[in-house]
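Data from query_32.cif: mmCIF, C-alpha atoms
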data_target
loop_
_atom_site.label_atom_id
_atom_site.label_comp_id
_atom_site.auth_asym_id
_atom_site.auth_seq_id
_atom_site.Cartn_x
_atom_site.Cartn_y
_atom_site.Cartn_z
CA MET C 1 100.00 41.19 -20.76
CA LEU C 2 103.01 43.50 -21.04
CA VAL C 3 103.70 45.34 -17.77
CA LEU C 4 106.24 48.12 -17.28
CA VAL C 5 107.98 48.13 -13.88
CA ILE C 6 109.70 51.46 -13.24
CA GLY C 7 110.45 53.97 -10.50
CA ASP C 8 112.87 56.21 -8.54
CA PHE C 9 112.96 59.03 -11.10
CA HIS C 10 113.90 61.79 -8.60
CA ILE C 11 113.24 64.53 -11.17
CA PRO C 12 114.43 67.30 -10.94
CA HIS C 13 116.35 66.92 -7.66
CA ARG C 14 118.78 64.19 -8.70
CA ALA C 15 118.23 63.91 -12.47
CA LEU C 16 117.00 66.19 -15.24
CA GLU C 17 114.90 63.75 -17.24
CA LEU C 18 114.28 60.17 -18.30
CA PRO C 19 117.07 59.11 -20.72
CA PRO C 20 115.99 59.90 -24.31
CA LYS C 21 116.85 56.35 -25.41
CA PHE C 22 114.35 55.03 -22.84
CA LYS C 23 111.68 57.43 -24.08
CA LYS C 24 112.08 56.05 -27.59
CA LEU C 25 111.38 52.55 -26.27
CA LEU C 26 108.43 53.44 -24.06
CA VAL C 27 105.92 54.34 -26.76
CA PRO C 28 102.14 54.41 -26.25
CA GLY C 29 100.06 51.45 -27.36
CA LYS C 30 102.47 48.62 -26.57
CA ILE C 31 102.34 48.48 -22.76
CA GLN C 32 99.09 47.54 -21.04
CA GLN C 33 99.95 48.32 -17.43
CA ILE C 34 102.55 50.16 -15.32
CA LEU C 35 103.73 49.23 -11.83
CA CYS C 36 105.60 52.24 -10.44
CA THR C 37 107.69 52.02 -7.27
CA GLY C 38 107.38 55.73 -6.55
CA ASN C 39 109.72 58.67 -5.91
CA LEU C 40 108.67 60.43 -9.08
CA CYS C 41 109.09 63.75 -7.19
CA ASN C 42 107.18 65.50 -9.97
CA ARG C 43 103.54 65.28 -11.09
CA GLU C 44 104.60 65.76 -14.70
CA ILE C 45 106.24 62.33 -14.62
CA LEU C 46 102.93 60.78 -13.56
CA GLY C 47 101.31 62.51 -16.52
CA TYR C 48 103.99 61.11 -18.81
CA LEU C 49 103.47 57.57 -17.50
CA ARG C 50 99.75 57.87 -18.24
CA THR C 51 100.58 58.60 -21.89
CA VAL C 52 102.52 55.33 -22.03
CA ALA C 53 99.68 53.27 -20.48
CA SER C 54 96.37 54.31 -18.97
CA ASP C 55 96.53 51.68 -16.21
CA VAL C 56 99.14 53.11 -13.81
CA ASN C 57 99.49 51.38 -10.43
CA LEU C 58 101.55 53.81 -8.36
CA VAL C 59 102.82 53.67 -4.79
CA LYS C 60 104.11 56.63 -2.82
CA GLY C 61 107.81 56.93 -2.07
CA ASP C 62 109.42 58.75 0.83
CA MET C 63 110.02 61.85 -1.36
CA ASP C 64 106.66 62.01 -3.14
CA GLU C 65 105.08 65.00 -1.39
CA SER C 66 103.76 66.25 -4.75
CA LEU C 67 101.63 63.17 -5.45
CA PRO C 68 97.87 63.24 -4.91
CA ALA C 69 96.65 62.66 -1.37
CA GLY C 70 95.58 59.09 -0.80
CA THR C 71 98.28 57.53 -2.98
CA PRO C 72 98.97 54.21 -1.21
CA SER C 73 102.39 53.26 0.15
CA MET C 74 101.88 49.66 -1.00
CA ARG C 75 99.39 47.74 -3.12
CA VAL C 76 98.62 44.28 -4.54
CA VAL C 77 97.81 43.67 -8.22
CA GLN C 78 96.24 40.39 -9.37
CA HIS C 79 97.24 38.75 -12.66
CA GLY C 80 95.44 35.43 -12.97
CA PRO C 81 97.08 33.07 -10.46
CA LEU C 82 99.83 35.60 -9.68
CA LYS C 83 99.60 38.18 -6.91
CA ILE C 84 102.11 41.00 -7.32
CA GLY C 85 102.91 43.33 -4.43
CA VAL C 86 104.31 46.81 -5.05
CA LEU C 87 105.97 49.19 -2.60
CA HIS C 88 108.69 51.82 -2.76
CA GLY C 89 111.10 50.06 -0.43
CA HIS C 90 111.96 52.68 2.20
CA GLN C 91 109.89 50.49 4.53
CA VAL C 92 112.54 47.75 4.22
CA VAL C 93 115.10 47.86 7.04
CA PRO C 94 117.96 47.31 6.47
CA GLN C 95 117.64 48.74 2.96
CA GLY C 96 117.21 45.99 0.37
CA ASP C 97 117.60 43.25 2.98
CA VAL C 98 116.43 39.86 1.66
CA GLN C 99 114.98 38.69 4.98
CA ALA C 100 113.06 41.94 5.46
CA LEU C 101 111.71 41.75 1.90
CA SER C 102 110.67 38.14 2.48
CA ILE C 103 108.76 39.10 5.63
CA LEU C 104 106.90 41.85 3.75
CA ALA C 105 106.05 39.44 0.91
CA ARG C 106 104.55 36.99 3.41
CA GLN C 107 102.60 39.75 5.16
CA MET C 108 101.21 40.96 1.82
CA ASP C 109 100.60 37.32 0.75
CA VAL C 110 102.09 37.85 -2.72
CA ASP C 111 103.95 35.64 -5.16
CA VAL C 112 106.02 38.49 -6.58
CA LEU C 113 107.23 41.54 -4.66
CA VAL C 114 108.27 44.65 -6.61
CA SER C 115 110.24 47.25 -4.67
CA GLY C 116 112.70 50.09 -5.29
CA ASN C 117 114.64 52.57 -3.15
CA THR C 118 118.12 51.04 -3.61
CA HIS C 119 118.36 52.32 -7.23
CA ARG C 120 120.00 49.03 -8.23
CA PHE C 121 118.34 46.44 -10.43
CA GLU C 122 117.83 43.09 -8.72
CA ALA C 123 115.79 39.98 -9.49
CA PHE C 124 115.93 36.76 -7.49
CA GLU C 125 113.83 33.90 -6.16
CA TYR C 126 113.75 33.27 -2.43
CA GLU C 127 111.62 30.83 -0.43
CA GLY C 128 109.33 30.23 -3.40
CA ARG C 129 108.67 33.93 -4.08
CA PHE C 130 110.11 36.22 -6.71
CA PHE C 131 111.61 39.64 -5.90
CA VAL C 132 112.15 42.40 -8.46
CA ASN C 133 113.78 45.82 -8.08
CA PRO C 134 113.70 47.79 -11.37
CA GLY C 135 116.40 50.20 -10.18
CA SER C 136 116.27 53.91 -10.97
CA ALA C 137 114.77 54.93 -14.31
CA THR C 138 117.08 57.95 -14.48
CA GLY C 139 120.17 56.52 -12.79
CA ALA C 140 119.66 58.85 -9.82
CA PHE C 141 122.19 58.41 -7.03
CA SER C 142 121.11 56.67 -3.85
CA PRO C 143 121.52 58.11 -0.32
CA ALA C 144 123.11 54.78 0.59
CA MET C 145 126.09 55.76 -1.56
CA PRO C 146 128.96 57.89 -0.22
CA VAL C 147 127.94 61.50 0.39
CA LEU C 148 128.41 63.79 -2.58
CA PRO C 149 130.61 66.90 -2.24
CA PRO C 150 128.87 70.29 -1.97
CA LEU C 151 127.66 71.80 -5.21
CA SER C 152 130.28 74.56 -4.91
CA ALA C 153 133.04 71.95 -4.91
CA VAL C 154 131.64 70.28 -8.04
CA GLN C 155 131.32 73.62 -9.81
CA SER C 156 134.80 74.77 -8.81
CA LYS C 157 136.35 71.65 -10.36
CA ALA C 158 134.58 72.28 -13.65
CA ALA C 159 135.03 76.08 -13.59
CA PRO C 160 137.49 77.74 -16.01
CA GLU C 161 140.42 79.91 -14.92
CA THR C 162 139.56 83.07 -13.00
CA SER C 163 139.00 86.17 -15.07
CA ALA C 164 142.13 87.81 -13.62
CA GLU C 165 144.33 84.86 -14.60
CA THR C 166 142.76 84.68 -18.05
CA LYS C 167 143.23 88.38 -18.73
CA ALA C 168 146.83 88.28 -17.53
CA ALA C 169 147.63 85.32 -19.77
CA LYS C 170 146.03 86.97 -22.80
CA THR C 171 147.82 90.25 -22.13
CA GLU C 172 151.17 88.44 -21.97
CA ALA C 173 150.38 86.54 -25.15
CA LYS C 174 149.52 89.78 -26.94
CA LYS C 175 152.91 91.23 -26.12
CA GLU C 176 154.69 88.21 -27.59
CA VAL C 177 152.69 87.97 -30.84
CA ALA C 178 154.23 89.96 -33.70
CA PRO C 179 151.82 91.98 -35.86
CA SER C 180 151.43 91.19 -39.56
CA GLU C 181 152.48 93.54 -42.36
CA ASP C 182 149.24 95.50 -42.22
CA GLY C 183 149.64 95.99 -38.47
CA THR C 184 146.81 93.67 -37.38
CA VAL C 185 146.90 90.63 -35.14
CA PRO C 186 144.10 88.37 -36.44
CA GLU C 187 144.54 85.55 -33.95
CA GLU C 188 144.47 87.91 -30.99
CA GLU C 189 141.33 89.60 -32.26
CA ASP C 190 139.58 86.20 -32.38
CA GLU C 191 140.59 85.57 -28.78
CA GLU C 192 139.35 89.01 -27.75
CA THR C 193 135.97 88.28 -29.37
CA GLU C 194 135.67 84.97 -27.53
CA ALA C 195 136.57 86.64 -24.26
CA VAL C 196 133.77 89.16 -24.71
CA ASP C 197 131.26 86.40 -25.44
CA GLU C 198 132.32 84.49 -22.33
CA ASN C 199 131.98 87.60 -20.18
CA GLU C 200 128.46 88.26 -21.48
CA GLU C 201 127.08 84.84 -20.41
CA PRO C 202 127.17 85.45 -16.63
CA LYS C 203 125.07 88.60 -17.15
CA GLU C 204 122.23 86.48 -18.54
CA ALA C 205 122.56 84.03 -15.65
CA GLU C 206 122.31 86.86 -13.13
CA ALA C 207 118.88 87.76 -14.48
CA ALA C 208 117.55 84.25 -13.74
CA ASP C 209 116.23 83.04 -10.40
CA PRO C 210 119.34 82.04 -8.35
CA SER C 211 117.52 79.15 -6.69
CA GLU C 212 116.51 77.71 -10.08
CA ASN C 213 120.05 78.05 -11.38
CA GLU C 214 121.44 76.21 -8.39
CA GLU C 215 118.91 73.39 -8.71
CA GLU C 216 119.59 72.97 -12.43
CA ALA C 217 123.34 73.06 -11.88
CA ARG C 218 123.16 70.39 -9.20
CA ALA C 219 120.98 68.16 -11.40
CA ALA C 220 123.31 68.58 -14.36
CA ALA C 221 126.46 67.95 -12.31
CA VAL C 222 125.23 65.01 -10.28
CA ALA C 223 125.70 62.32 -12.96
CA GLU C 224 129.39 63.12 -13.27
CA ALA C 225 129.87 63.86 -9.57
CA VAL C 226 128.43 60.52 -8.44
CA ALA C 227 130.98 58.57 -10.47
CA ARG C 228 133.93 60.45 -8.97
CA ALA C 229 133.03 61.77 -5.55
CA ASN C 230 134.43 59.82 -2.62
CA GLY C 231 134.71 56.65 -4.69
CA ALA C 232 130.95 56.51 -5.37
CA VAL C 233 129.81 54.08 -8.07
CA GLU C 234 127.62 55.45 -10.85
CA THR C 235 124.09 54.02 -10.99
CA SER C 236 122.94 52.74 -14.38
CA PRO C 237 119.44 53.87 -15.45
CA SER C 238 117.14 50.85 -15.71
CA PHE C 239 113.57 49.59 -15.98
CA VAL C 240 111.86 46.22 -16.44
CA LEU C 241 109.22 44.89 -18.84
CA MET C 242 107.29 41.85 -17.65
CA ASP C 243 105.41 39.69 -20.12
CA ILE C 244 102.88 37.91 -17.88
CA GLN C 245 101.31 34.74 -19.25
CA GLY C 246 99.34 32.78 -16.66
CA ALA C 247 101.70 31.67 -13.87
CA THR C 248 104.82 32.58 -15.85
CA ILE C 249 106.64 35.90 -16.11
CA VAL C 250 109.18 36.51 -18.86
CA MET C 251 111.16 39.55 -17.79
CA TYR C 252 113.23 41.91 -19.93
CA VAL C 253 115.68 44.13 -18.08
CA TYR C 254 116.72 47.34 -19.83
CA GLN C 255 119.87 49.08 -18.59
CA LEU C 256 121.67 52.09 -20.03
CA VAL C 257 125.37 51.25 -19.92
CA GLY C 258 128.00 53.39 -21.61
CA GLY C 259 125.33 55.23 -23.56
CA GLU C 260 123.90 52.01 -25.00
CA VAL C 261 120.77 50.11 -23.96
CA LYS C 262 121.53 46.55 -22.82
CA VAL C 263 118.73 43.99 -22.51
CA GLU C 264 118.75 40.87 -20.33
CA LYS C 265 116.05 38.17 -20.29
CA LEU C 266 114.92 36.34 -17.14
CA ASP C 267 111.87 34.26 -16.23
CA TYR C 268 109.89 33.06 -13.24
CA THR C 269 107.10 30.48 -12.92
CA LYS C 270 104.96 30.14 -9.83
CA ARG C 271 105.08 26.72 -8.18
CA PHE C 272 101.76 25.35 -7.00
#
With the file now loaded, output its structure as structure tokens.
Amino acid sequence: MLVLVIGDFHIPHRALELPPKFKKLLVPGKIQQILCTGNLCNREILGYLRTVASDVNLVKGDMDESLPAGTPSMRVVQHGPLKIGVLHGHQVVPQGDVQALSILARQMDVDVLVSGNTHRFEAFEYEGRFFVNPGSATGAFSPAMPVLPPLSAVQSKAAPETSAETKAAKTEAKKEVAPSEDGTVPEEEDEETEAVDENEEPKEAEAADPSENEEEARAAAVAEAVARANGAVETSPSFVLMDIQGATIVMYVYQLVGGEVKVEKLDYTKRF
């Protein structure tokens, strides 16, 4: 059975969408089951997952207020001799701690424990059990990382020159450019046209809902901001496919690195 392990989307608060290259891979009809570690933050994502596979085993993350009432915080899925536990991971203190994960695995009496929350892919065997963290499907930043600067600071770094400075520079340039024989200044006219177009854009933005604009701007800026702000390390989008055959799991790890999808193969076999 082919099982998709995925989670920590954080759409739209920390990411705009699932990477398009991931969407091309996750096509309906190939995956039989989904184990989702939560923090979808959007019911539309749950609907999307159900188009990939009808059997979606979801747990509720600490930011999943929009999910249906009664969504469990942890669950156990049986695959032949293998018992797989699933939880978001905010219950693990300290975050991602091996000892804490091992205690939870024993309490849930599972052979494999799937958890998220750290937004970093991990897979390791410890005390005879296997632990898998699929990371963040969108590469959303983690609160454990250094704090991001305010949105205004991110926008100001990317913002163009002020209108006053721009106008002054163009006025000075106009004085220095000599007209052609017919008395026109073609290059300056092109610049004037571009300036008008740039000035018209903010008018359209003013008509939109300010709160929506701010949310979209933060989501769009966060990928670049995470990599630079306060020395934060960018999180690579990732998910895991598990091919479960009896007591053996062959695992394929998909990570988006430098715009390209990298695949790594791992395996685990339960010891009796």
Margin query: If I take CA of Val112 in chain C and CA of Met63 in chain C, how far is one from the other in Å, to one decimal?
Written below: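 Taking CA of Val112 in chain C as the start and CA of Met63 in chain C as the end point, the length is 24.3 Å.
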Check: Of the candidates C:His90, C:Pro134, C:Pro28, C:Ser238, which one gets nearest to Arg50 in chain C if we count all atoms listed in the file?
Finding: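 The answer is C:Pro28, which sits nearest to Arg50 in chain C.
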Check: Which residues come within 12 Å of Ala105 in chain C, counting only C-alpha atoms, excluding same-chain residues fewer than 3 positions away, as an MDAnalysis selection string?
Finding: chainID C and resid 74:76 83:87 89 92 98:102 108:115 125:132
Give me a file of those residues, with C-alpha atoms, as a PDB file, keeping the file's coordinate frame.
ATOM      1  CA  MET C  74     101.880  49.660  -1.000  1.00  0.00           C
ATOM      2  CA  ARG C  75      99.390  47.740  -3.120  1.00  0.00           C
ATOM      3  CA  VAL C  76      98.620  44.280  -4.540  1.00  0.00           C
ATOM      4  CA  LYS C  83      99.600  38.180  -6.910  1.00  0.00           C
ATOM      5  CA  ILE C  84     102.110  41.000  -7.320  1.00  0.00           C
ATOM      6  CA  GLY C  85     102.910  43.330  -4.430  1.00  0.00           C
ATOM      7  CA  VAL C  86     104.310  46.810  -5.050  1.00  0.00           C
ATOM      8  CA  LEU C  87     105.970  49.190  -2.600  1.00  0.00           C
ATOM      9  CA  GLY C  89     111.100  50.060  -0.430  1.00  0.00           C
ATOM     10  CA  VAL C  92     112.540  47.750   4.220  1.00  0.00           C
ATOM     11  CA  VAL C  98     116.430  39.860   1.660  1.00  0.00           C
ATOM     12  CA  GLN C  99     114.980  38.690   4.980  1.00  0.00           C
ATOM     13  CA  ALA C 100     113.060  41.940   5.460  1.00  0.00           C
ATOM     14  CA  LEU C 101     111.710  41.750   1.900  1.00  0.00           C
ATOM     15  CA  SER C 102     110.670  38.140   2.480  1.00  0.00           C
ATOM     16  CA  MET C 108     101.210  40.960   1.820  1.00  0.00           C
ATOM     17  CA  ASP C 109     100.600  37.320   0.750  1.00  0.00           C
ATOM     18  CA  VAL C 110     102.090  37.850  -2.720  1.00  0.00           C
ATOM     19  CA  ASP C 111     103.950  35.640  -5.160  1.00  0.00           C
ATOM     20  CA  VAL C 112     106.020  38.490  -6.580  1.00  0.00           C
ATOM     21  CA  LEU C 113     107.230  41.540  -4.660  1.00  0.00           C
ATOM     22  CA  VAL C 114     108.270  44.650  -6.610  1.00  0.00           C
ATOM     23  CA  SER C 115     110.240  47.250  -4.670  1.00  0.00           C
ATOM     24  CA  GLU C 125     113.830  33.900  -6.160  1.00  0.00           C
ATOM     25  CA  TYR C 126     113.750  33.270  -2.430  1.00  0.00           C
ATOM     26  CA  GLU C 127     111.620  30.830  -0.430  1.00  0.00           C
ATOM     27  CA  GLY C 128     109.330  30.230  -3.400  1.00  0.00           C
ATOM     28  CA  ARG C 129     108.670  33.930  -4.080  1.00  0.00           C
ATOM     29  CA  PHE C 130     110.110  36.220  -6.710  1.00  0.00           C
ATOM     30  CA  PHE C 131     111.610  39.640  -5.900  1.00  0.00           C
ATOM     31  CA  VAL C 132     112.150  42.400  -8.460  1.00  0.00           C
TER      32      VAL C 132
END
Next item on the list: Kindly indicate which residue among C:Phe272, C:Phe22, C:Phe141, C:Tyr48 lies nearest to Val253 in chain C, using only C-alpha atoms for the distances.
Entry: C:Phe22
Notebook entry, point to check: To one decimal place, how far is CA of Thr235 in chain C from CA of Ser136 in chain C in Å?
Noted result: 7.8 Å
Next item on the list: Find the distance between CA of Gly29 in chain C and CA of Lys265 in chain C and write it in Å to one decimal.
Entry: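 Computed distance, CA of Gly29 in chain C to CA of Lys265 in chain C, equals 22.0 Å.
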Checklist line | Protein, DNA and RNA residues within 9 Å of (113.8, 32.3, -14.7), only C-alpha atoms, as a ChimeraX atom specification | finding: /C:124-125,249-251,265-269
Next item on the list: Return as a ChimeraX atom specification the set of residues that the PyMOL selection byres ((chain C and resi 5) around 12) yields on the displayed structure.
Entry: /C:2-4,6-8,26,31-38,49,53,56-59,84-88,113-116,121,132-137,238-243,251-254
Note to self: Here is a test: counting only C-alpha atoms, which residue of C:Gly61, C:Pro68, C:Gly96, C:Gly246 is nearest to Phe9 in chain C?
What the structure shows: C:Gly61
Check: From the set C:Val27, C:Ala140, C:Arg120, C:Thr51, which residue has the shortest atom-to-atom contact distance to Ile11 in chain C, counting all atoms listed in the file?
Finding: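 Nearest to Ile11 in chain C: C:Ala140.
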Notebook entry, point to check: Using all atoms listed in the file, which residues sit within 12 Å of His10 in chain C once same-chain residues fewer than 4 positions away are excluded, as a ChimeraX atom specification?
Noted result: /C:14-18,37-45,61-66,117,119,135-143,219,222,237
